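Pasting upload.cif here (mmCIF, C-alpha atoms):
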data_final
#
loop_
_atom_site.label_atom_id
_atom_site.label_comp_id
_atom_site.auth_asym_id
_atom_site.auth_seq_id
_atom_site.Cartn_x
_atom_site.Cartn_y
_atom_site.Cartn_z
CA MET Z 1 208.72 79.25 200.99
CA ALA Z 2 206.55 80.58 198.17
CA TYR Z 3 205.24 78.17 195.59
CA ASP Z 4 207.14 78.41 192.30
CA ARG Z 5 205.20 76.82 189.47
CA THR Z 6 208.13 77.21 187.08
CA THR Z 7 210.48 74.99 189.09
CA ALA Z 8 208.24 72.51 190.86
CA THR Z 9 208.33 68.97 189.50
CA PRO Z 10 204.96 68.12 187.91
CA GLY Z 11 204.98 64.59 189.20
CA ARG Z 12 205.50 65.67 192.81
CA GLN Z 13 203.06 68.58 192.95
CA ALA Z 14 200.55 68.37 195.73
CA GLN Z 15 196.96 68.42 194.58
CA PRO Z 16 195.35 71.80 195.36
CA GLY Z 17 192.71 71.81 198.04
CA VAL Z 18 189.12 72.99 197.73
CA PHE Z 19 189.99 76.55 198.75
CA GLN Z 20 192.87 76.76 196.26
CA ARG Z 21 190.68 75.43 193.46
CA PHE Z 22 188.06 78.01 194.34
CA VAL Z 23 190.70 80.77 194.29
CA GLN Z 24 191.78 79.62 190.82
CA PHE Z 25 188.16 79.64 189.64
CA VAL Z 26 187.27 83.18 190.82
CA PRO Z 27 189.39 85.28 188.37
CA LEU Z 28 188.15 83.31 185.38
CA ALA Z 29 184.57 83.65 186.64
CA VAL Z 30 185.07 87.43 186.84
CA VAL Z 31 186.31 87.48 183.23
CA ALA Z 32 183.26 85.42 182.22
CA VAL Z 33 180.91 87.97 183.80
CA ILE Z 34 182.73 90.82 182.04
CA VAL Z 35 182.46 89.18 178.60
CA VAL Z 36 178.83 88.09 179.00
CA ASP Z 37 177.90 91.53 180.33
CA ALA Z 38 179.51 93.09 177.24
CA ALA Z 39 177.21 90.91 175.14
CA THR Z 40 173.96 91.27 177.07
CA ASP Z 41 174.33 94.20 179.52
CA PHE Z 42 172.80 92.08 182.29
CA PHE Z 43 175.02 93.49 185.06
CA PRO Z 44 173.71 96.59 186.93
CA ASP Z 45 175.59 99.84 186.28
CA ASP Z 46 174.42 101.88 189.27
CA PRO Z 47 177.00 102.32 192.09
CA LEU Z 48 176.59 100.21 195.20
CA VAL Z 49 178.10 102.94 197.34
CA GLY Z 50 180.03 106.06 196.31
CA ILE Z 51 182.06 105.25 193.19
CA VAL Z 52 182.01 101.47 193.80
CA THR Z 53 180.00 99.85 191.01
CA PRO Z 54 179.31 96.10 190.83
CA LEU Z 55 181.82 95.78 187.98
CA ARG Z 56 184.59 97.55 189.90
CA LEU Z 57 183.92 95.44 192.98
CA LEU Z 58 184.07 92.32 190.84
CA ILE Z 59 187.41 93.38 189.33
CA VAL Z 60 188.86 93.93 192.80
CA VAL Z 61 187.69 90.45 193.82
CA GLY Z 62 189.38 89.03 190.71
CA PHE Z 63 192.71 90.71 191.52
CA VAL Z 64 192.55 89.56 195.15
CA ALA Z 65 191.94 85.98 194.03
CA LEU Z 66 194.88 86.18 191.60
CA LEU Z 67 197.22 87.34 194.37
CA LEU Z 68 196.15 84.84 197.04
CA PRO Z 69 198.56 81.92 197.66
CA SER Z 70 197.77 79.11 195.23
CA PRO Z 71 199.53 77.07 192.52
CA SER Z 72 198.51 79.76 190.01
CA ARG Z 73 199.29 82.79 192.18
CA ALA Z 74 200.16 85.84 190.06
CA ARG Z 75 203.47 87.65 190.36
CA ILE Z 76 204.13 91.21 189.25
CA ARG Z 77 205.78 89.94 186.07
CA ASP Z 78 202.54 88.17 185.13
CA PHE Z 79 200.80 91.53 184.64
CA ARG Z 80 203.48 93.08 182.44
CA SER Z 81 202.94 93.45 178.73
CA ARG Z 82 204.32 95.37 175.77
CA LEU Z 83 201.49 97.90 176.14
CA ASP Z 84 202.52 99.08 179.61
CA ILE Z 85 204.27 102.26 178.44
CA PRO Z 86 201.56 103.30 175.91
CA ILE Z 87 198.87 102.63 178.52
CA GLY Z 88 200.76 104.75 181.05
CA VAL Z 89 201.05 107.61 178.56
CA LEU Z 90 197.37 107.30 177.65
CA LEU Z 91 196.37 107.48 181.31
CA LEU Z 92 198.66 110.47 181.84
CA ALA Z 93 197.15 112.30 178.85
CA ALA Z 94 193.63 111.58 180.07
CA ALA Z 95 194.44 112.81 183.59
CA ALA Z 96 196.08 115.98 182.21
CA ALA Z 97 193.04 116.77 180.07
CA THR Z 98 190.72 116.21 183.02
CA VAL Z 99 192.71 118.31 185.50
CA HIS Z 100 193.58 121.12 183.06
CA GLY Z 101 189.96 121.53 181.97
CA GLY Z 102 188.51 121.11 185.45
CA HIS Z 103 186.20 118.39 184.16
CA PRO Z 104 184.37 115.73 186.23
CA THR Z 105 186.50 112.69 187.06
CA ALA Z 106 183.85 110.07 186.28
CA PRO Z 107 185.14 109.42 182.71
CA LEU Z 108 188.69 109.09 184.06
CA ARG Z 109 187.50 106.54 186.60
CA GLY Z 110 185.79 104.71 183.73
CA LEU Z 111 189.09 104.58 181.82
CA ILE Z 112 190.88 103.24 184.89
CA THR Z 113 188.18 100.55 185.23
CA VAL Z 114 188.67 99.48 181.62
CA LEU Z 115 192.45 99.32 182.01
CA ALA Z 116 192.01 97.30 185.21
CA CYS Z 117 189.98 94.80 183.17
CA TYR Z 118 192.88 94.62 180.72
CA TYR Z 119 195.43 93.76 183.40
CA LEU Z 120 193.07 91.30 185.07
CA VAL Z 121 192.70 89.34 181.83
CA VAL Z 122 196.47 89.47 181.21
CA GLY Z 123 197.02 88.03 184.69
CA VAL Z 124 194.48 85.26 184.10
CA ARG Z 125 196.06 84.33 180.76
CA ARG Z 126 199.56 84.23 182.26
CA THR Z 127 198.66 82.25 185.38
CA GLN Z 128 196.12 79.91 183.78
CA PRO Z 129 197.37 79.02 180.26
CA GLU Z 130 194.46 76.63 179.69
CA SER Z 131 192.02 79.55 180.01
CA TRP Z 132 192.12 79.94 176.21
CA ARG Z 133 189.43 77.21 176.08
CA ALA Z 134 187.16 79.19 178.38
CA ILE Z 135 187.73 82.38 176.39
CA GLY Z 136 186.68 80.61 173.19
CA LEU Z 137 183.51 79.30 174.83
CA LEU Z 138 182.72 82.72 176.31
CA ALA Z 139 183.02 84.24 172.84
CA LEU Z 140 180.65 81.57 171.57
CA VAL Z 141 178.09 82.44 174.27
CA GLY Z 142 178.35 86.16 173.54
CA VAL Z 143 178.00 85.70 169.78
CA GLY Z 144 175.04 83.37 170.26
CA ALA Z 145 173.22 85.80 172.55
CA ALA Z 146 173.69 88.84 170.31
CA ALA Z 147 173.15 87.02 167.00
CA THR Z 148 169.92 85.24 167.99
CA SER Z 149 168.49 88.50 169.34
CA ALA Z 150 169.34 90.23 166.05
CA PHE Z 151 167.77 87.49 163.96
CA SER Z 152 164.62 87.60 166.07
CA GLN Z 153 164.26 91.33 165.34
CA PHE Z 154 164.93 90.86 161.63
CA THR Z 155 162.69 87.85 160.99
CA ASN Z 156 159.79 89.19 163.08
CA ASP Z 157 160.01 92.74 161.70
CA THR Z 158 160.50 94.08 165.20
CA PRO Z 159 160.86 97.89 165.04
CA THR Z 160 164.32 99.00 166.11
CA GLY Z 161 164.21 102.62 164.95
CA PHE Z 162 166.78 101.97 162.20
CA CYS Z 163 165.75 101.21 158.61
CA ARG Z 164 167.25 101.22 155.13
CA THR Z 165 166.04 100.71 151.59
CA GLY Z 166 169.17 98.71 150.91
CA LEU Z 167 172.88 98.94 151.62
CA LEU Z 168 173.12 102.63 150.86
CA THR Z 169 170.35 104.90 152.09
CA ASP Z 170 168.92 105.36 155.59
CA ILE Z 171 165.22 106.22 155.71
CA SER Z 172 162.54 106.62 158.32
CA CYS Z 173 161.00 103.38 159.58
CA ALA Z 174 157.60 105.09 159.28
CA ASP Z 175 157.77 105.01 155.47
CA THR Z 176 155.34 102.65 153.80
CA GLY Z 177 157.72 101.63 151.04
CA ASP Z 178 160.04 98.65 150.85
CA VAL Z 179 162.11 99.16 154.00
CA LEU Z 180 164.60 96.84 155.67
CA ILE Z 181 164.75 96.86 159.46
CA ARG Z 182 168.31 97.07 160.73
CA ALA Z 183 168.80 94.68 163.63
CA ILE Z 184 170.43 96.01 166.79
CA GLY Z 185 170.47 92.81 168.86
CA THR Z 186 171.34 93.61 172.47
CA PHE Z 187 172.75 97.06 171.64
CA ALA Z 188 171.41 100.55 171.02
CA ASN Z 189 172.16 100.73 167.30
CA PRO Z 190 173.22 98.41 164.45
CA ASN Z 191 176.78 99.70 164.20
CA LEU Z 192 177.47 98.74 167.81
CA LEU Z 193 176.17 95.23 167.16
CA ALA Z 194 178.38 94.99 164.07
CA ALA Z 195 181.43 96.11 166.06
CA PHE Z 196 180.69 93.54 168.76
CA LEU Z 197 180.46 90.74 166.19
CA VAL Z 198 183.62 91.91 164.41
CA LEU Z 199 185.54 91.64 167.69
CA LEU Z 200 184.21 88.28 168.87
CA LEU Z 201 183.38 86.23 165.76
CA PRO Z 202 187.00 85.20 165.00
CA PHE Z 203 187.23 83.71 168.50
CA VAL Z 204 184.59 81.15 167.53
CA LEU Z 205 187.48 79.32 165.81
CA LEU Z 206 189.16 79.17 169.21
CA ALA Z 207 186.09 77.42 170.60
CA ALA Z 208 186.07 75.03 167.63
CA VAL Z 209 189.66 73.85 168.18
CA SER Z 210 189.07 73.43 171.92
CA VAL Z 211 186.83 70.40 171.38
CA ASP Z 212 187.77 67.06 169.83
CA GLU Z 213 184.33 65.69 169.04
CA ARG Z 214 183.05 66.27 165.50
CA THR Z 215 179.40 66.98 166.29
CA ALA Z 216 180.36 69.51 168.95
CA ARG Z 217 182.57 71.33 166.44
CA THR Z 218 179.67 71.30 163.99
CA VAL Z 219 177.44 73.09 166.49
CA ILE Z 220 180.16 75.67 167.16
CA VAL Z 221 180.61 76.31 163.44
CA LEU Z 222 176.85 76.74 163.05
CA VAL Z 223 176.86 79.39 165.78
CA GLY Z 224 179.68 81.13 163.94
CA VAL Z 225 177.70 81.07 160.70
CA LEU Z 226 174.72 82.47 162.60
CA GLY Z 227 176.93 85.29 163.87
CA TYR Z 228 178.13 86.26 160.40
CA ALA Z 229 174.56 86.08 159.11
CA ALA Z 230 173.49 88.39 161.96
CA MET Z 231 176.18 90.80 160.76
CA LEU Z 232 174.29 91.03 157.46
CA THR Z 233 171.09 92.04 159.25
CA THR Z 234 172.80 95.19 160.61
CA PHE Z 235 173.25 96.65 157.08
CA SER Z 236 176.37 98.34 158.42
CA ARG Z 237 178.75 99.26 155.60
CA ALA Z 238 181.75 99.58 157.92
CA GLY Z 239 180.72 96.30 159.57
CA TYR Z 240 180.64 94.53 156.21
CA VAL Z 241 184.15 95.70 155.30
CA ALA Z 242 185.52 94.89 158.77
CA GLY Z 243 183.86 91.46 158.82
CA ALA Z 244 185.23 90.65 155.38
CA ALA Z 245 188.70 91.74 156.49
CA GLY Z 246 188.51 89.52 159.55
CA LEU Z 247 187.48 86.54 157.42
CA LEU Z 248 190.30 87.18 154.95
CA VAL Z 249 192.89 87.35 157.72
CA LEU Z 250 191.43 84.32 159.47
CA GLY Z 251 191.36 82.20 156.35
CA GLY Z 252 194.70 83.40 155.07
CA ALA Z 253 196.61 82.98 158.32
CA TYR Z 254 195.04 79.71 159.45
CA TRP Z 255 194.37 77.75 156.27
CA LEU Z 256 196.04 79.36 153.27
CA ALA Z 257 199.42 80.60 154.55
CA PRO Z 258 200.70 77.18 155.74
CA ARG Z 259 199.99 75.75 152.27
CA LEU Z 260 202.10 78.31 150.42
CA ALA Z 261 205.56 77.13 149.52
CA ASP Z 262 207.68 80.19 150.31
CA ARG Z 263 207.59 83.67 151.76
CA ALA Z 264 207.27 85.34 148.36
CA GLN Z 265 204.01 83.53 147.67
CA ARG Z 266 202.67 84.51 151.09
CA ARG Z 267 203.53 88.15 150.47
CA LEU Z 268 201.91 88.05 147.04
CA VAL Z 269 198.68 86.58 148.40
CA GLY Z 270 198.71 89.07 151.27
CA ALA Z 271 199.20 91.99 148.88
CA LEU Z 272 196.39 90.79 146.59
CA GLY Z 273 194.07 90.38 149.57
CA ALA Z 274 194.90 93.87 150.82
CA LEU Z 275 194.29 95.36 147.37
CA GLY Z 276 190.97 93.54 147.05
CA LEU Z 277 189.84 94.74 150.45
CA ALA Z 278 190.93 98.30 149.69
CA GLY Z 279 189.04 98.17 146.39
CA ALA Z 280 185.86 96.95 148.04
CA ALA Z 281 186.14 99.64 150.71
CA ALA Z 282 186.71 102.30 148.03
CA VAL Z 283 183.62 101.21 146.10
CA ILE Z 284 181.45 101.35 149.21
CA TRP Z 285 183.00 104.71 150.13
CA ALA Z 286 182.21 106.21 146.71
CA VAL Z 287 178.69 104.86 146.37
CA SER Z 288 177.81 105.79 149.94
CA GLN Z 289 177.99 109.46 148.97
CA ALA Z 290 174.40 109.01 147.79
CA GLY Z 291 173.28 108.75 151.40
CA ASN Z 292 175.44 111.71 152.54
CA SER Z 293 176.72 109.61 155.43
CA LEU Z 294 180.37 110.28 154.63
CA GLY Z 295 179.59 113.96 154.29
CA VAL Z 296 178.48 113.94 157.90
CA ARG Z 297 181.67 112.13 158.86
CA GLY Z 298 183.69 114.70 156.96
CA GLN Z 299 182.10 117.45 159.03
CA ALA Z 300 182.98 115.58 162.22
CA TRP Z 301 186.59 115.06 161.10
CA ASP Z 302 187.06 118.70 160.12
CA ALA Z 303 185.64 119.86 163.44
CA ALA Z 304 187.87 117.35 165.30
CA LEU Z 305 191.03 118.71 163.65
CA THR Z 306 189.96 122.28 164.44
CA LEU Z 307 189.38 121.38 168.09
CA ALA Z 308 192.75 119.62 168.27
CA LYS Z 309 194.52 122.82 167.17
CA GLU Z 310 192.62 124.94 169.69
CA ASN Z 311 192.96 122.49 172.59
CA PRO Z 312 196.43 120.87 172.62
CA LEU Z 313 195.67 119.05 175.88
CA GLY Z 314 192.23 117.93 174.72
CA VAL Z 315 188.70 118.88 175.66
CA GLY Z 316 188.37 116.12 178.27
CA LEU Z 317 187.21 112.51 178.28
CA GLY Z 318 183.67 111.99 177.05
CA ARG Z 319 183.31 115.58 175.80
CA SER Z 320 184.19 115.15 172.11
CA GLY Z 321 180.57 114.79 170.98
CA ALA Z 322 179.41 118.06 172.51
CA ALA Z 323 182.54 119.91 171.35
CA ILE Z 324 182.23 118.66 167.76
CA SER Z 325 178.50 119.46 167.70
CA ALA Z 326 179.28 123.04 168.73
CA THR Z 327 182.08 123.40 166.16
CA ALA Z 328 180.67 121.66 163.08
CA PRO Z 329 178.33 123.66 160.80
CA GLY Z 330 174.62 123.00 161.03
CA ASP Z 331 172.55 121.74 163.93
CA ARG Z 332 173.44 118.05 163.73
CA VAL Z 333 174.28 116.45 167.09
CA PHE Z 334 177.42 114.28 167.19
CA VAL Z 335 178.20 111.69 169.86
CA HIS Z 336 181.86 111.23 168.88
CA ALA Z 337 184.33 111.96 166.08
CA HIS Z 338 183.42 108.87 164.00
CA ASN Z 339 187.06 107.78 164.19
CA MET Z 340 188.73 106.22 167.22
CA TRP Z 341 192.09 107.97 166.83
CA LEU Z 342 190.60 111.37 166.07
CA ASN Z 343 188.32 110.99 169.07
CA TRP Z 344 191.30 110.41 171.36
CA LEU Z 345 193.03 113.40 169.74
CA VAL Z 346 190.05 115.65 170.51
CA GLU Z 347 189.64 114.41 174.08
CA THR Z 348 193.28 113.98 175.20
CA GLY Z 349 195.36 115.99 172.74
CA ALA Z 350 198.44 114.97 170.77
CA LEU Z 351 199.88 112.97 173.68
CA GLY Z 352 196.76 110.82 173.86
CA LEU Z 353 196.81 110.34 170.09
CA LEU Z 354 200.42 109.13 170.19
CA ALA Z 355 199.54 106.73 173.00
CA ILE Z 356 196.53 105.18 171.25
CA LEU Z 357 198.53 104.93 168.00
CA ALA Z 358 201.21 103.05 169.94
CA VAL Z 359 198.57 100.75 171.44
CA THR Z 360 197.20 100.07 167.97
CA GLY Z 361 200.56 99.40 166.32
CA VAL Z 362 202.12 97.35 169.11
CA ALA Z 363 199.02 95.19 169.59
CA TRP Z 364 198.56 94.49 165.87
CA LEU Z 365 202.24 93.66 165.32
CA HIS Z 366 202.27 91.46 168.43
CA ALA Z 367 199.24 89.56 167.14
CA ALA Z 368 200.92 89.16 163.74
CA ARG Z 369 204.07 87.74 165.34
CA ILE Z 370 202.06 85.21 167.32
CA ALA Z 371 200.04 84.26 164.26
CA ARG Z 372 203.27 83.78 162.30
CA ALA Z 373 204.27 81.24 164.95
CA LYS Z 374 201.06 79.38 163.94
CA SER Z 375 199.28 80.02 167.21
CA VAL Z 376 195.51 79.74 166.82
CA LEU Z 377 195.03 82.39 169.47
CA GLY Z 378 197.34 84.73 167.59
CA THR Z 379 195.45 84.08 164.35
CA VAL Z 380 192.02 84.88 165.79
CA GLY Z 381 193.41 87.88 167.66
CA LEU Z 382 194.94 89.25 164.46
CA ALA Z 383 191.66 88.78 162.57
CA SER Z 384 189.65 90.42 165.36
CA LEU Z 385 191.92 93.46 165.70
CA THR Z 386 192.30 93.93 161.93
CA GLY Z 387 188.54 94.06 161.42
CA PHE Z 388 187.94 96.30 164.43
CA PHE Z 389 190.68 98.79 163.51
CA LEU Z 390 189.28 99.04 159.99
CA MET Z 391 185.80 99.71 161.35
CA THR Z 392 187.05 102.39 163.74
CA MET Z 393 188.36 104.39 160.78
CA MET Z 394 184.75 105.28 159.97
CA ASP Z 395 183.14 104.97 163.41
CA HIS Z 396 183.97 104.90 167.11
CA PRO Z 397 182.01 102.00 168.64
CA ALA Z 398 184.38 101.90 171.63
CA ASN Z 399 182.63 105.08 172.76
CA LEU Z 400 180.18 102.64 174.40
CA ASP Z 401 181.54 101.18 177.64
CA ARG Z 402 180.59 97.61 176.73
CA ILE Z 403 182.45 97.70 173.41
CA ASP Z 404 185.37 99.52 175.01
CA ILE Z 405 185.75 96.84 177.69
CA LEU Z 406 185.49 94.07 175.11
CA PHE Z 407 188.15 95.76 172.97
CA TRP Z 408 190.58 95.89 175.88
CA VAL Z 409 189.76 92.30 176.82
CA VAL Z 410 190.70 91.21 173.28
CA LEU Z 411 193.90 93.25 173.57
CA ALA Z 412 194.68 91.50 176.87
CA VAL Z 413 194.09 88.05 175.40
CA VAL Z 414 196.51 88.86 172.57
CA MET Z 415 199.14 90.61 174.70
CA GLY Z 416 199.06 87.81 177.27
CA GLU Z 417 200.85 85.60 174.74
CA SER Z 418 204.56 85.56 174.02
CA PRO Z 419 205.72 85.22 170.40
CA GLU Z 420 208.87 83.42 171.53
CA ARG Z 421 207.18 81.07 173.97
CA PRO Z 422 203.44 80.90 173.25
CA SER Z 423 201.63 79.80 176.39
CA THR Z 424 198.42 78.92 174.62
CA THR Z 425 197.78 75.21 174.24
CA ALA Z 426 195.52 75.75 171.25
CA THR Z 427 198.44 74.96 168.94
CA ALA Z 428 199.25 71.73 170.72
CA SER Z 429 195.57 70.73 170.89
CA VAL Z 430 195.10 71.11 167.13
CA SER Z 431 198.40 69.31 166.48
CA ARG Z 432 197.39 66.33 168.63
CA ARG Z 433 193.99 66.07 166.99
CA ARG Z 434 195.47 66.16 163.50
CA HIS Z 435 197.86 63.34 164.43
CA GLY Z 436 195.12 61.28 166.08
CA ALA Z 437 196.49 61.61 169.62
CA GLN Z 438 194.31 61.97 172.69
CA PRO Z 439 194.16 65.47 174.23
CA GLN Z 440 196.20 65.95 177.38
CA SER Z 441 196.55 68.75 179.86
CA ALA Z 442 199.79 70.63 179.42
CA PRO Z 443 201.63 71.94 182.49
CA PRO Z 444 201.73 75.71 182.92
CA ARG Z 445 204.49 77.65 181.17
CA GLN Z 446 205.40 74.70 178.97
CA HIS Z 447 206.61 75.59 175.49
CA GLN Z 448 204.20 74.32 172.85
CA GLN Z 449 204.95 72.95 169.42
CA PRO Z 450 203.91 75.14 166.49
CA LEU Z 451 200.77 74.37 164.55
CA PRO Z 452 201.55 72.04 161.61
CA SER Z 453 200.42 72.76 158.08
CA PRO Z 454 196.71 71.95 157.54
#

Go through the file and emit its structure as structure tokens.
Amino acid sequence: MAYDRTTATPGRQAQPGVFQRFVQFVPLAVVAVIVVDAATDFFPDDPLVGIVTPLRLLIVVGFVALLLPSPSRARIRDFRSRLDIPIGVLLLAAAAATVHGGHPTAPLRGLITVLACYYLVVGVRRTQPESWRAIGLLALVGVGAAATSAFSQFTNDTPTGFCRTGLLTDISCADTGDVLIRAIGTFANPNLLAAFLVLLLPFVLLAAVSVDERTARTVIVLVGVLGYAAMLTTFSRAGYVAGAAGLLVLGGAYWLAPRLADRAQRRLVGALGALGLAGAAAVIWAVSQAGNSLGVRGQAWDAALTLAKENPLGVGLGRSGAAISATAPGDRVFVHAHNMWLNWLVETGALGLLAILAVTGVAWLHAARIARAKSVLGTVGLASLTGFFLMTMMDHPANLDRIDILFWVVLAVVMGESPERPSTTATASVSRRRHGAQPQSAPPRQHQQPLPSP
């Protein structure tokens, strides 16, 4: 008879053996490698044989470990999420663009790899509810690695190839004037570092609530402050707006909202915050015209819309940069459309655009519902996605595989939760600490109490 963790009596469960404990450890270890690799790029990218890369082999190992008999064995229902239909449509649109254009299948295999990472993380979250602690600590490690590298470049005036005279104007690093080196950390350019920090920094709160000792929380908060300070060293305008949005959502949902007396006050504060953020973004948008950076983006957007009309099925995955460069006036070389949704429109047509819009809307609303239930994981997920979606209006950092994988990992962490029955124990952990109780391990699938007002 198969083990059913939803009906077995906790007091009579047999202790798992060494092999079963190892099987439970493997999927989480695979997720750890994926997250740390997104931060540091330490994992080799070259195929081992044929199309089998180390990352793909690792993902297969993670799925096999999830499906082996153990107390946390995954069932088919553990991999289902509200993004299944949009993901299916997105994959269909990508395959149609690839086949219709006769393009190489390597980008399509890359998309399948990223989506496999998504479902692996969903399976880990569903079968191991306590994994939220590990995810918070992994985010802390990633932020620490990228932020310290960025600060080292900034404080030691290490040439990165990116310089500015301030927030507005890019200049050559060879100029002898007062230049500011833009830190890139462990990435190829400052905007990618900013996108990485926007995605992961809110999860530092998850690491903070996973520990009960005050000095340990102090260290975690200091790493978070270091991460936000490293964001400043990128001099990324979109990163600044996205980081500010994430902080507003994080503070409003976690600390401010529970203090407000009624729904009308919450809506008023939310509207004022949205207007303030929109105003700040508008000011940066207007003043940035001095550097002509938005003019370049305007050229990319115009070319993207032209290509979308001429290619209803898309130009193929990974081909938007070359297509836009050939369509836009001038000799400037583009890597992508400088907008995530436009980039999917160019590469996969209207069907792909509808799919990625559905992914965006469903994921953000799902995170908001979980955050409304006062789940810490929902709160940090909402802050992370809000900041990242704002940044992708002006850029497309997910064009890089490492950022793309991290984005889908964050989506999986959010979509692995249920608004009706949150499986994360972060809410219960914070509640126990605020009432002075000792932390305890909660059994899998157990409904948790909502987070009380701070």

Item to check | Resolved residues for the PyMOL selection byres ((chain Z and resi 27-33) around 9) as JSON, numbers by chain | outcome: {"Z": [23, 24, 25, 26, 34, 35, 36, 37, 38, 43, 55, 58, 59, 61, 62, 63, 64, 65, 66, 117, 120, 121, 123, 124, 128, 131, 134, 135, 138, 409]}

I'd like the residues picked by the PyMOL selection byres ((chain Z and resi 384) around 8) written out as a PDB file with C-alpha atoms, in the frame of the given file, using the chain letters and numbers from the file.
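File out-v4.pdb, as written:
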ATOM      1  CA  VAL Z 198     183.620  91.910 164.410  1.00  0.00           C
ATOM      2  CA  LEU Z 199     185.540  91.640 167.690  1.00  0.00           C
ATOM      3  CA  LEU Z 200     184.210  88.280 168.870  1.00  0.00           C
ATOM      4  CA  LEU Z 201     183.380  86.230 165.760  1.00  0.00           C
ATOM      5  CA  PRO Z 202     187.000  85.200 165.000  1.00  0.00           C
ATOM      6  CA  PHE Z 203     187.230  83.710 168.500  1.00  0.00           C
ATOM      7  CA  GLY Z 246     188.510  89.520 159.550  1.00  0.00           C
ATOM      8  CA  VAL Z 380     192.020  84.880 165.790  1.00  0.00           C
ATOM      9  CA  GLY Z 381     193.410  87.880 167.660  1.00  0.00           C
ATOM     10  CA  LEU Z 382     194.940  89.250 164.460  1.00  0.00           C
ATOM     11  CA  ALA Z 383     191.660  88.780 162.570  1.00  0.00           C
ATOM     12  CA  LEU Z 385     191.920  93.460 165.700  1.00  0.00           C
ATOM     13  CA  THR Z 386     192.300  93.930 161.930  1.00  0.00           C
ATOM     14  CA  GLY Z 387     188.540  94.060 161.420  1.00  0.00           C
ATOM     15  CA  PHE Z 388     187.940  96.300 164.430  1.00  0.00           C
TER      16      PHE Z 388
END

Item to check | Residue members of the PyMOL selection byres ((chain Z and resi 398) around 12) in the file shown, as a PyMOL selection string | outcome: chain Z and resi 38+111+114+191-196+199+318+335-341+343-344+388-389+391-393+395-397+399-408

Item to check | All residues 8 Å or closer to Ala39 of chain Z, only C-alpha atoms, same chain fewer than 6 positions away omitted, as number ranges by chain | outcome: Z: 142-143, 145-146, 186, 196, 402

Next on the checklist: Taking all atoms listed in the file into account, name the residue in Z:Leu67, Z:Val333, Z:Ala350, Z:Ala183 that is nearest to Leu313 of chain Z.
Outcome noted: Z:Ala350

Next on the checklist: Quick check, in Å to one decimal: how far apart do atom CA of Leu307 of chain Z and atom CA of Leu351 of chain Z lie?
Outcome noted: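 Going from atom CA of Leu307 of chain Z over to atom CA of Leu351 of chain Z, I get 14.6 Å.
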
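Atom CA of Thr53 of chain Z is found 23.6 Å from atom CA of Gly102 of chain Z.
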
Expected residue set, 12 Å radius at (166.0, 87.0, 160.3), all atoms listed in the file, as a tab-separated table (two decimals) with C-alpha atoms, in the coordinates of the input:
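result20.tsv written:
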chain	number	residue	atom	x	y	z
Z	147	ALA	CA	173.15	87.02	167.00
Z	148	THR	CA	169.92	85.24	167.99
Z	149	SER	CA	168.49	88.50	169.34
Z	150	ALA	CA	169.34	90.23	166.05
Z	151	PHE	CA	167.77	87.49	163.96
Z	152	SER	CA	164.62	87.60	166.07
Z	153	GLN	CA	164.26	91.33	165.34
Z	154	PHE	CA	164.93	90.86	161.63
Z	155	THR	CA	162.69	87.85	160.99
Z	156	ASN	CA	159.79	89.19	163.08
Z	157	ASP	CA	160.01	92.74	161.70
Z	158	THR	CA	160.50	94.08	165.20
Z	180	LEU	CA	164.60	96.84	155.67
Z	181	ILE	CA	164.75	96.86	159.46
Z	182	ARG	CA	168.31	97.07	160.73
Z	183	ALA	CA	168.80	94.68	163.63
Z	184	ILE	CA	170.43	96.01	166.79
Z	185	GLY	CA	170.47	92.81	168.86
Z	226	LEU	CA	174.72	82.47	162.60
Z	227	GLY	CA	176.93	85.29	163.87
Z	229	ALA	CA	174.56	86.08	159.11
Z	230	ALA	CA	173.49	88.39	161.96
Z	231	MET	CA	176.18	90.80	160.76
Z	232	LEU	CA	174.29	91.03	157.46
Z	233	THR	CA	171.09	92.04	159.25
Z	234	THR	CA	172.80	95.19	160.61
